[in-house]
Amino acid sequence: MGPALVSPAAACGPGTEPTLSAIQAQQTARLLKALADPNRLRLLSIVKAGNGGEACVCDLTEPLDLGQPTISHHLKILVDAGLLSREKRGTWAYYSLVPGALEAASTSILSL
C-alpha cells in the first residue's frame, strides 16, 4: 500500500497548535525589545547582583560608562517591560528585579 495522500487544502490549512493572540504578541515583542540591548542586559545583571538584589541609579552610571539620562532611559524601558521595579528613596531611585519576571520572560519565549 502506498503513502496516504493529503489534499493540498489540508496541508496548507491552519495548524491545531495554539497561537499567540495580538495582545500576547505585543507584550512579547515589548519584552524582547527590552532585552535586545546589551546595556539593558548589563543593567539587569548589575541590579540582580546588587546588595539585596537591588541597585541605586547612582551606582549604575559608572559600570556602563553612560550618562545618567541614558541610564534612566534604559531603566524606564526595563520597568515598562515589567522586568524591574522602581522605588524612590529620598532623592534616589532604587531598582530591583520583579520577582518571577525573568522566569516569565523565559516561559514566554519558549512558548512561541
# chains A, B, ... in the order shown; residues from 1 in each chain; ligands from 1
>>> residues_around(residues="stretch 58-60 of chain A", least_positions_apart="2", cutoff="10 Å", atoms="only C-alpha atoms", output="count of residues only")
20
>>> select_by_dssp(residues="stretch 25-100 of chain A", states="helix (DSSP H, G or I)", output="number ranges by chain")
A: 25-35, 38-49, 51-53, 57-59, 61-64, 68-80
>>> closest_residue(among="A:Gln24, A:Thr19, A:Leu31, A:Ser45", to="A:Asp80", atoms="only C-alpha atoms")
A:Leu31
>>> select_by_dssp(residues="chain A", states="strand (DSSP E)", output="ChimeraX atom specification")
/A:54-56,84-89,92-97
>>> write_last_selection(atoms="N, CA, C and O atoms", output="PDB file, in the first residue's frame")
ATOM      1  N   GLU A  54      19.156  44.631  44.591  1.00  0.00           N
ATOM      2  CA  GLU A  54      18.732  45.944  44.114  1.00  0.00           C
ATOM      3  C   GLU A  54      19.951  46.820  43.890  1.00  0.00           C
ATOM      4  O   GLU A  54      21.044  46.512  44.339  1.00  0.00           O
ATOM      5  N   ALA A  55      19.719  47.924  43.167  1.00  0.00           N
ATOM      6  CA  ALA A  55      20.803  48.878  42.920  1.00  0.00           C
ATOM      7  C   ALA A  55      20.224  50.276  42.833  1.00  0.00           C
ATOM      8  O   ALA A  55      19.130  50.483  42.315  1.00  0.00           O
ATOM      9  N   CYS A  56      20.990  51.215  43.331  1.00  0.00           N
ATOM     10  CA  CYS A  56      20.642  52.630  43.233  1.00  0.00           C
ATOM     11  C   CYS A  56      21.033  53.128  41.849  1.00  0.00           C
ATOM     12  O   CYS A  56      22.087  52.743  41.318  1.00  0.00           O
ATOM     13  N   LEU A  84      11.887  45.217  35.813  1.00  0.00           N
ATOM     14  CA  LEU A  84      12.400  45.885  37.011  1.00  0.00           C
ATOM     15  C   LEU A  84      11.284  46.669  37.688  1.00  0.00           C
ATOM     16  O   LEU A  84      10.341  47.111  37.034  1.00  0.00           O
ATOM     17  N   SER A  85      11.434  46.830  38.992  1.00  0.00           N
ATOM     18  CA  SER A  85      10.546  47.730  39.732  1.00  0.00           C
ATOM     19  C   SER A  85      11.402  48.879  40.253  1.00  0.00           C
ATOM     20  O   SER A  85      12.613  48.739  40.430  1.00  0.00           O
ATOM     21  N   ARG A  86      10.761  50.009  40.490  1.00  0.00           N
ATOM     22  CA  ARG A  86      11.455  51.219  40.908  1.00  0.00           C
ATOM     23  C   ARG A  86      10.872  51.696  42.228  1.00  0.00           C
ATOM     24  O   ARG A  86       9.656  51.731  42.396  1.00  0.00           O
ATOM     25  N   GLU A  87      11.758  52.049  43.168  1.00  0.00           N
ATOM     26  CA  GLU A  87      11.320  52.599  44.460  1.00  0.00           C
ATOM     27  C   GLU A  87      12.117  53.867  44.726  1.00  0.00           C
ATOM     28  O   GLU A  87      13.348  53.856  44.705  1.00  0.00           O
ATOM     29  N   LYS A  88      11.416  54.941  44.966  1.00  0.00           N
ATOM     30  CA  LYS A  88      12.050  56.234  45.257  1.00  0.00           C
ATOM     31  C   LYS A  88      12.359  56.296  46.755  1.00  0.00           C
ATOM     32  O   LYS A  88      11.493  56.053  47.585  1.00  0.00           O
ATOM     33  N   ARG A  89      13.608  56.612  47.090  1.00  0.00           N
ATOM     34  CA  ARG A  89      14.039  56.788  48.479  1.00  0.00           C
ATOM     35  C   ARG A  89      14.800  58.102  48.561  1.00  0.00           C
ATOM     36  O   ARG A  89      15.942  58.185  48.114  1.00  0.00           O
ATOM     37  N   TRP A  92      17.024  59.517  45.544  1.00  0.00           N
ATOM     38  CA  TRP A  92      17.499  58.441  44.676  1.00  0.00           C
ATOM     39  C   TRP A  92      16.408  57.432  44.379  1.00  0.00           C
ATOM     40  O   TRP A  92      15.517  57.201  45.190  1.00  0.00           O
ATOM     41  N   ALA A  93      16.546  56.796  43.229  1.00  0.00           N
ATOM     42  CA  ALA A  93      15.653  55.703  42.843  1.00  0.00           C
ATOM     43  C   ALA A  93      16.436  54.396  42.940  1.00  0.00           C
ATOM     44  O   ALA A  93      17.602  54.323  42.532  1.00  0.00           O
ATOM     45  N   TYR A  94      15.797  53.395  43.491  1.00  0.00           N
ATOM     46  CA  TYR A  94      16.394  52.068  43.611  1.00  0.00           C
ATOM     47  C   TYR A  94      15.602  51.106  42.731  1.00  0.00           C
ATOM     48  O   TYR A  94      14.371  51.161  42.678  1.00  0.00           O
ATOM     49  N   TYR A  95      16.329  50.246  42.056  1.00  0.00           N
ATOM     50  CA  TYR A  95      15.720  49.294  41.131  1.00  0.00           C
ATOM     51  C   TYR A  95      15.979  47.876  41.603  1.00  0.00           C
ATOM     52  O   TYR A  95      17.054  47.563  42.112  1.00  0.00           O
ATOM     53  N   SER A  96      14.981  47.025  41.414  1.00  0.00           N
ATOM     54  CA  SER A  96      15.124  45.607  41.730  1.00  0.00           C
ATOM     55  C   SER A  96      14.364  44.799  40.692  1.00  0.00           C
ATOM     56  O   SER A  96      13.452  45.317  40.026  1.00  0.00           O
ATOM     57  N   LEU A  97      14.763  43.542  40.551  1.00  0.00           N
ATOM     58  CA  LEU A  97      14.063  42.660  39.623  1.00  0.00           C
ATOM     59  C   LEU A  97      12.664  42.384  40.142  1.00  0.00           C
ATOM     60  O   LEU A  97      12.474  42.172  41.339  1.00  0.00           O
TER      61      LEU A  97
END
>>> closest_residue(among="A:Ala49, A:Val57, A:Ala81, A:Ala104", to="A:Gln26", atoms="only C-alpha atoms")
A:Ala81
>>> closest_residue(among="A:Ile109, A:Gly53, A:Ala34, A:Pro99", to="A:His73", atoms="only C-alpha atoms")
A:Ala34
>>> atom_distance(atom1="atom CA of A:Lys48", atom2="atom CA of A:Val79")
14.0 Å
>>> decode(residues="stretch 12-96 of chain A", atoms="C-alpha atoms", output="short mmCIF file (atom, residue, chain, number, x, y, z; two decimals), in the first residue's frame")
data_model
loop_
_atom_site.label_atom_id
_atom_site.label_comp_id
_atom_site.auth_asym_id
_atom_site.auth_seq_id
_atom_site.Cartn_x
_atom_site.Cartn_y
_atom_site.Cartn_z
CA CYS A 12 -1.98 24.36 3.81
CA GLY A 13 -4.65 24.88 6.46
CA PRO A 14 -4.01 26.35 9.87
CA GLY A 15 -2.37 24.09 12.41
CA THR A 16 -4.04 22.87 15.55
CA GLU A 17 -1.39 24.29 17.88
CA PRO A 18 -2.43 27.36 19.91
CA THR A 19 -1.06 30.63 18.60
CA LEU A 20 -0.30 33.98 20.19
CA SER A 21 -3.09 36.50 20.35
CA ALA A 22 -2.39 40.01 19.10
CA ILE A 23 -2.08 41.26 22.69
CA GLN A 24 0.28 38.43 23.66
CA ALA A 25 2.41 39.15 20.58
CA GLN A 26 2.64 42.85 21.51
CA GLN A 27 3.62 42.04 25.10
CA THR A 28 6.23 39.51 24.00
CA ALA A 29 7.65 41.94 21.42
CA ARG A 30 7.95 44.68 24.06
CA LEU A 31 9.76 42.24 26.34
CA LEU A 32 12.11 41.08 23.59
CA LYS A 33 12.85 44.68 22.55
CA ALA A 34 13.72 45.50 26.16
CA LEU A 35 16.09 42.53 26.32
CA ALA A 36 17.62 43.16 22.89
CA ASP A 37 20.04 45.84 24.08
CA PRO A 38 23.45 44.99 25.60
CA ASN A 39 23.29 47.90 28.05
CA ARG A 40 19.90 46.77 29.35
CA LEU A 41 21.15 43.22 29.78
CA ARG A 42 24.10 44.56 31.76
CA LEU A 43 21.76 46.70 33.88
CA LEU A 44 19.64 43.64 34.70
CA SER A 45 22.78 41.74 35.63
CA ILE A 46 24.09 44.55 37.85
CA VAL A 47 20.75 45.01 39.60
CA LYS A 48 20.39 41.26 40.17
CA ALA A 49 23.91 41.05 41.63
CA GLY A 50 23.44 44.14 43.83
CA ASN A 51 23.16 44.09 47.61
CA GLY A 52 19.76 42.63 48.42
CA GLY A 53 19.06 42.23 44.70
CA GLU A 54 18.73 45.94 44.11
CA ALA A 55 20.80 48.88 42.92
CA CYS A 56 20.64 52.63 43.23
CA VAL A 57 20.54 54.54 39.98
CA CYS A 58 23.54 56.46 41.32
CA ASP A 59 25.59 53.23 41.16
CA LEU A 60 24.69 52.34 37.58
CA THR A 61 26.36 55.06 35.52
CA GLU A 62 29.98 54.18 36.19
CA PRO A 63 29.92 50.44 35.31
CA LEU A 64 28.30 51.17 31.93
CA ASP A 65 30.22 54.40 31.26
CA LEU A 66 26.97 56.08 30.19
CA GLY A 67 25.41 59.32 31.28
CA GLN A 68 22.62 59.40 33.84
CA PRO A 69 19.92 60.38 31.29
CA THR A 70 20.84 57.38 29.11
CA ILE A 71 20.81 55.03 32.11
CA SER A 72 17.41 56.41 33.16
CA HIS A 73 16.06 55.82 29.65
CA HIS A 74 17.19 52.18 29.67
CA LEU A 75 15.81 51.65 33.19
CA LYS A 76 12.43 53.08 32.15
CA ILE A 77 12.24 50.60 29.28
CA LEU A 78 13.04 47.72 31.67
CA VAL A 79 10.40 48.94 34.14
CA ASP A 80 7.80 49.36 31.37
CA ALA A 81 8.54 45.82 30.17
CA GLY A 82 7.84 44.50 33.68
CA LEU A 83 11.38 43.33 34.38
CA LEU A 84 12.40 45.88 37.01
CA SER A 85 10.55 47.73 39.73
CA ARG A 86 11.46 51.22 40.91
CA GLU A 87 11.32 52.60 44.46
CA LYS A 88 12.05 56.23 45.26
CA ARG A 89 14.04 56.79 48.48
CA GLY A 90 14.77 60.42 49.17
CA THR A 91 16.43 61.83 46.08
CA TRP A 92 17.50 58.44 44.68
CA ALA A 93 15.65 55.70 42.84
CA TYR A 94 16.39 52.07 43.61
CA TYR A 95 15.72 49.29 41.13
CA SER A 96 15.12 45.61 41.73
#
